[in-house]
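Asker: To start, I am sharing the structure in question, which I have written as structure tokens.
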Amino acid sequence: MTTERLEEFAILANVLSFSRAAEKLYISQSILSRHIKDLENEIGCTLFVRDTHGVALTDEGKYFLRWVEPLLGQTDRVLSEMAGENSGREGSVRILSSEQALSTHILSFIRAFLENYPGIRLSITPLMTSQRRELIYSSDILLSPCDFTDLMRADIEGQFLKRQQALLAIPPHHHLGDMQEIHLEDLSGETLIVPFADEMFGPYARNATAAIRKCRGNVRKVSAENAQAGLLMVELGAGVMLIPHHLKHRVYPTTLTIPVVDPMCVFPIYVYRNKGTENPAAELFYEKICAEFHK
């Protein structure tokens, strides 16, 4: 059992998709499947089950993940401590981030951080699933649009970073296409596509609720699995969608975007650090990103 196999298992356990995990690992799906099968044979139990709905952890897999993640964290910490006086400026940081948190400003900060600290390796896993505050315990850093700051335990610290302007994505030839800006009450009678509609703390669900209230309930809400699926639904004319500003560059060619002026309709970004990993490089990343956005 090698650290490489454990890292492959941990990445697959977090994204729950052989194709996305293989992309992150720069290996083929067949190789990843063989490695996972070898690992299962080595420890004598099944870690994942696959069905028509996708990939899921077994009970043994969930138990194994709780054992593997602290071990990987300890490995990173030992490597960082071996850097001696450069501790914190060398090592690795495991980052989980929702798609809507990877704004232009966030990505610019990450590029600058990598240039300033070439001895630190950042492993960034974009999340396509619903945002849960428990995710922070499987990483060093979590970038999220959800406000968990009042719900965290003592071993987690978190701060608000910024708010992104909301845009309304509309299909081609939509009757709102001539407007320069949109108020939420303009959505009365529209079908509103809502990614991650079941996220209690998520901005898509919160903004949809604000729109429904502004329109006195005269809005039909349709769920989408994720943001990209929602943008495809918009392009196909299934409805309109409230999106963070940086997704303007991800819409389909004939989809239009219009600024939303209501101040309550925004997409915030929060950063959280898992202090339990005792990772100096992660602590440095957290300090720098907070300083960048709190100038």
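By convention in this document, the chains of the structure tokens carry letters A, B, ... by their order, each chain's residues are numbered from 1, and ligands are numbered from 1 in the order they are shown.
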Skipping near chain neighbours, those fewer than 4 positions away, what residues fall within 8 Å of stretch 156-159 of chain A using only C-alpha atoms, listed as a list of chain:residue names?
Answerer: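 Returned residues: A:Phe148, A:Thr149, A:Met152, A:Tyr270, A:Val271, A:Tyr272, A:Arg273, A:Asn274, A:Lys275, A:Gly276, A:Cys290.
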Asker: Give me, as a list in words, the residues of stretch 187-265 of chain A that a backbone DSSP run labels alpha helix (DSSP H).
Answerer: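 DSSP-assigned alpha helix (DSSP H) residues in stretch 187-265 of chain A: Pro203, Tyr204, Ala205, Arg206, Asn207, Ala208, Thr209, Ala210, Ala211, Ile212, Arg213, Lys214, Ala227, Gln228, Ala229, Gly230, Leu231, Leu232, Met233, Val234 and Glu235 of chain A.
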Asker: Do you know which residues are at most 12 Å from A:Leu247 counting only C-alpha atoms, after dropping those on the same chain fewer than 4 positions away, and could you put them as a ChimeraX atom specification?
Answerer: /A:99-104,164-169,227-228,230-231,241-243,251-252,255-257,267
Asker: When you look at A:Leu122 with a cut-off of 7 Å (counting only C-alpha atoms), what residues show up, excluding the ones that are within fewer than 6 positions of it in the same chain? I need them as a short mmCIF file (atom, residue, chain, number, x, y, z; two decimals) with N, CA, C and O atoms, in the first residue's frame.
Answerer:
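The resulting file, part21.cif, is shown below:
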data_model
loop_
_atom_site.label_atom_id
_atom_site.label_comp_id
_atom_site.auth_asym_id
_atom_site.auth_seq_id
_atom_site.Cartn_x
_atom_site.Cartn_y
_atom_site.Cartn_z
N SER A 92 2.70 21.15 0.75
CA SER A 92 1.54 21.06 -0.13
C SER A 92 0.29 21.44 0.63
O SER A 92 0.21 21.30 1.86
N VAL A 93 -0.69 21.94 -0.11
CA VAL A 93 -1.97 22.38 0.46
C VAL A 93 -3.08 21.73 -0.35
O VAL A 93 -3.13 21.88 -1.57
N ARG A 94 -3.96 21.01 0.32
CA ARG A 94 -5.09 20.38 -0.34
C ARG A 94 -6.30 21.31 -0.22
O ARG A 94 -6.76 21.62 0.86
#
Asker: Could you please determine the separation between atom CA of A:Cys265 and atom CA of A:Ile106 in Å, to one decimal place?
Answerer: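 A separation of 19.9 Å between them.
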Asker: Can you check which residues of stretch 163-252 of chain A DSSP gives as strand (DSSP E or B) on the backbone and send them as a VMD selection string?
Answerer: chain A and resid 163 to 170 182 191 to 195 220 to 224 240 to 244
Asker: So that I have them on file, write out the residues from the current selection with N, CA and C atoms, as a PDB file, in the first residue's frame.
Answerer:
ATOM      1  N   ARG A 163     -17.978  39.412  -2.287  1.00  0.00           N
ATOM      2  CA  ARG A 163     -19.260  39.170  -2.949  1.00  0.00           C
ATOM      3  C   ARG A 163     -19.087  39.357  -4.448  1.00  0.00           C
ATOM      4  N   GLN A 164     -19.667  38.459  -5.205  1.00  0.00           N
ATOM      5  CA  GLN A 164     -19.684  38.602  -6.655  1.00  0.00           C
ATOM      6  C   GLN A 164     -21.039  39.128  -7.110  1.00  0.00           C
ATOM      7  N   GLN A 165     -21.011  40.001  -8.093  1.00  0.00           N
ATOM      8  CA  GLN A 165     -22.248  40.485  -8.687  1.00  0.00           C
ATOM      9  C   GLN A 165     -22.983  39.333  -9.362  1.00  0.00           C
ATOM     10  N   ALA A 166     -24.304  39.347  -9.285  1.00  0.00           N
ATOM     11  CA  ALA A 166     -25.129  38.342  -9.953  1.00  0.00           C
ATOM     12  C   ALA A 166     -25.501  38.817 -11.354  1.00  0.00           C
ATOM     13  N   LEU A 167     -25.549  37.878 -12.268  1.00  0.00           N
ATOM     14  CA  LEU A 167     -26.019  38.122 -13.631  1.00  0.00           C
ATOM     15  C   LEU A 167     -27.220  37.214 -13.888  1.00  0.00           C
ATOM     16  N   LEU A 168     -28.070  37.635 -14.810  1.00  0.00           N
ATOM     17  CA  LEU A 168     -29.159  36.777 -15.260  1.00  0.00           C
ATOM     18  C   LEU A 168     -28.794  36.238 -16.641  1.00  0.00           C
ATOM     19  N   ALA A 169     -28.717  34.914 -16.762  1.00  0.00           N
ATOM     20  CA  ALA A 169     -28.466  34.268 -18.041  1.00  0.00           C
ATOM     21  C   ALA A 169     -29.817  33.949 -18.685  1.00  0.00           C
ATOM     22  N   ILE A 170     -29.984  34.383 -19.932  1.00  0.00           N
ATOM     23  CA  ILE A 170     -31.260  34.168 -20.617  1.00  0.00           C
ATOM     24  C   ILE A 170     -31.017  33.524 -21.971  1.00  0.00           C
ATOM     25  N   ILE A 182     -31.422  44.133 -14.696  1.00  0.00           N
ATOM     26  CA  ILE A 182     -32.590  43.379 -14.271  1.00  0.00           C
ATOM     27  C   ILE A 182     -32.832  43.575 -12.777  1.00  0.00           C
ATOM     28  N   THR A 191     -39.533  31.009 -15.737  1.00  0.00           N
ATOM     29  CA  THR A 191     -39.049  29.737 -15.190  1.00  0.00           C
ATOM     30  C   THR A 191     -37.598  29.949 -14.775  1.00  0.00           C
ATOM     31  N   LEU A 192     -37.312  29.778 -13.487  1.00  0.00           N
ATOM     32  CA  LEU A 192     -35.981  30.040 -12.942  1.00  0.00           C
ATOM     33  C   LEU A 192     -35.267  28.708 -12.712  1.00  0.00           C
ATOM     34  N   ILE A 193     -34.150  28.524 -13.382  1.00  0.00           N
ATOM     35  CA  ILE A 193     -33.341  27.305 -13.239  1.00  0.00           C
ATOM     36  C   ILE A 193     -32.405  27.496 -12.045  1.00  0.00           C
ATOM     37  N   VAL A 194     -32.405  26.522 -11.111  1.00  0.00           N
ATOM     38  CA  VAL A 194     -31.663  26.666  -9.857  1.00  0.00           C
ATOM     39  C   VAL A 194     -30.736  25.469  -9.661  1.00  0.00           C
ATOM     40  N   PRO A 195     -29.423  25.615  -9.907  1.00  0.00           N
ATOM     41  CA  PRO A 195     -28.488  24.532  -9.588  1.00  0.00           C
ATOM     42  C   PRO A 195     -28.408  24.329  -8.073  1.00  0.00           C
ATOM     43  N   ARG A 220     -41.691  30.021 -11.532  1.00  0.00           N
ATOM     44  CA  ARG A 220     -41.608  28.569 -11.536  1.00  0.00           C
ATOM     45  C   ARG A 220     -40.150  28.164 -11.373  1.00  0.00           C
ATOM     46  N   LYS A 221     -39.858  27.360 -10.366  1.00  0.00           N
ATOM     47  CA  LYS A 221     -38.474  26.957 -10.076  1.00  0.00           C
ATOM     48  C   LYS A 221     -38.221  25.552 -10.629  1.00  0.00           C
ATOM     49  N   VAL A 222     -37.112  25.410 -11.365  1.00  0.00           N
ATOM     50  CA  VAL A 222     -36.708  24.127 -11.932  1.00  0.00           C
ATOM     51  C   VAL A 222     -35.287  23.830 -11.462  1.00  0.00           C
ATOM     52  N   SER A 223     -35.043  22.639 -10.939  1.00  0.00           N
ATOM     53  CA  SER A 223     -33.724  22.274 -10.416  1.00  0.00           C
ATOM     54  C   SER A 223     -32.785  21.827 -11.533  1.00  0.00           C
ATOM     55  N   ALA A 224     -31.482  22.095 -11.320  1.00  0.00           N
ATOM     56  CA  ALA A 224     -30.430  21.587 -12.199  1.00  0.00           C
ATOM     57  C   ALA A 224     -29.369  20.932 -11.326  1.00  0.00           C
ATOM     58  N   VAL A 240     -34.510  30.795 -17.316  1.00  0.00           N
ATOM     59  CA  VAL A 240     -33.440  31.754 -17.050  1.00  0.00           C
ATOM     60  C   VAL A 240     -32.713  31.313 -15.781  1.00  0.00           C
ATOM     61  N   MET A 241     -31.533  31.900 -15.535  1.00  0.00           N
ATOM     62  CA  MET A 241     -30.725  31.424 -14.409  1.00  0.00           C
ATOM     63  C   MET A 241     -29.900  32.565 -13.836  1.00  0.00           C
ATOM     64  N   LEU A 242     -29.891  32.693 -12.516  1.00  0.00           N
ATOM     65  CA  LEU A 242     -29.045  33.658 -11.813  1.00  0.00           C
ATOM     66  C   LEU A 242     -27.676  33.022 -11.602  1.00  0.00           C
ATOM     67  N   ILE A 243     -26.613  33.726 -12.050  1.00  0.00           N
ATOM     68  CA  ILE A 243     -25.270  33.147 -12.005  1.00  0.00           C
ATOM     69  C   ILE A 243     -24.284  34.164 -11.428  1.00  0.00           C
ATOM     70  N   PRO A 244     -23.163  33.692 -10.849  1.00  0.00           N
ATOM     71  CA  PRO A 244     -22.099  34.620 -10.440  1.00  0.00           C
ATOM     72  C   PRO A 244     -21.415  35.211 -11.668  1.00  0.00           C
TER      73      PRO A 244
END
Asker: Which residue gives the smallest distance to A:Val55 among A:His175, A:His249, A:Gly91, A:Ala13, with only C-alpha atoms counted?
Answerer: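 Between A:His175, A:His249, A:Gly91, A:Ala13, the residue approaching A:Val55 most closely is A:Ala13.
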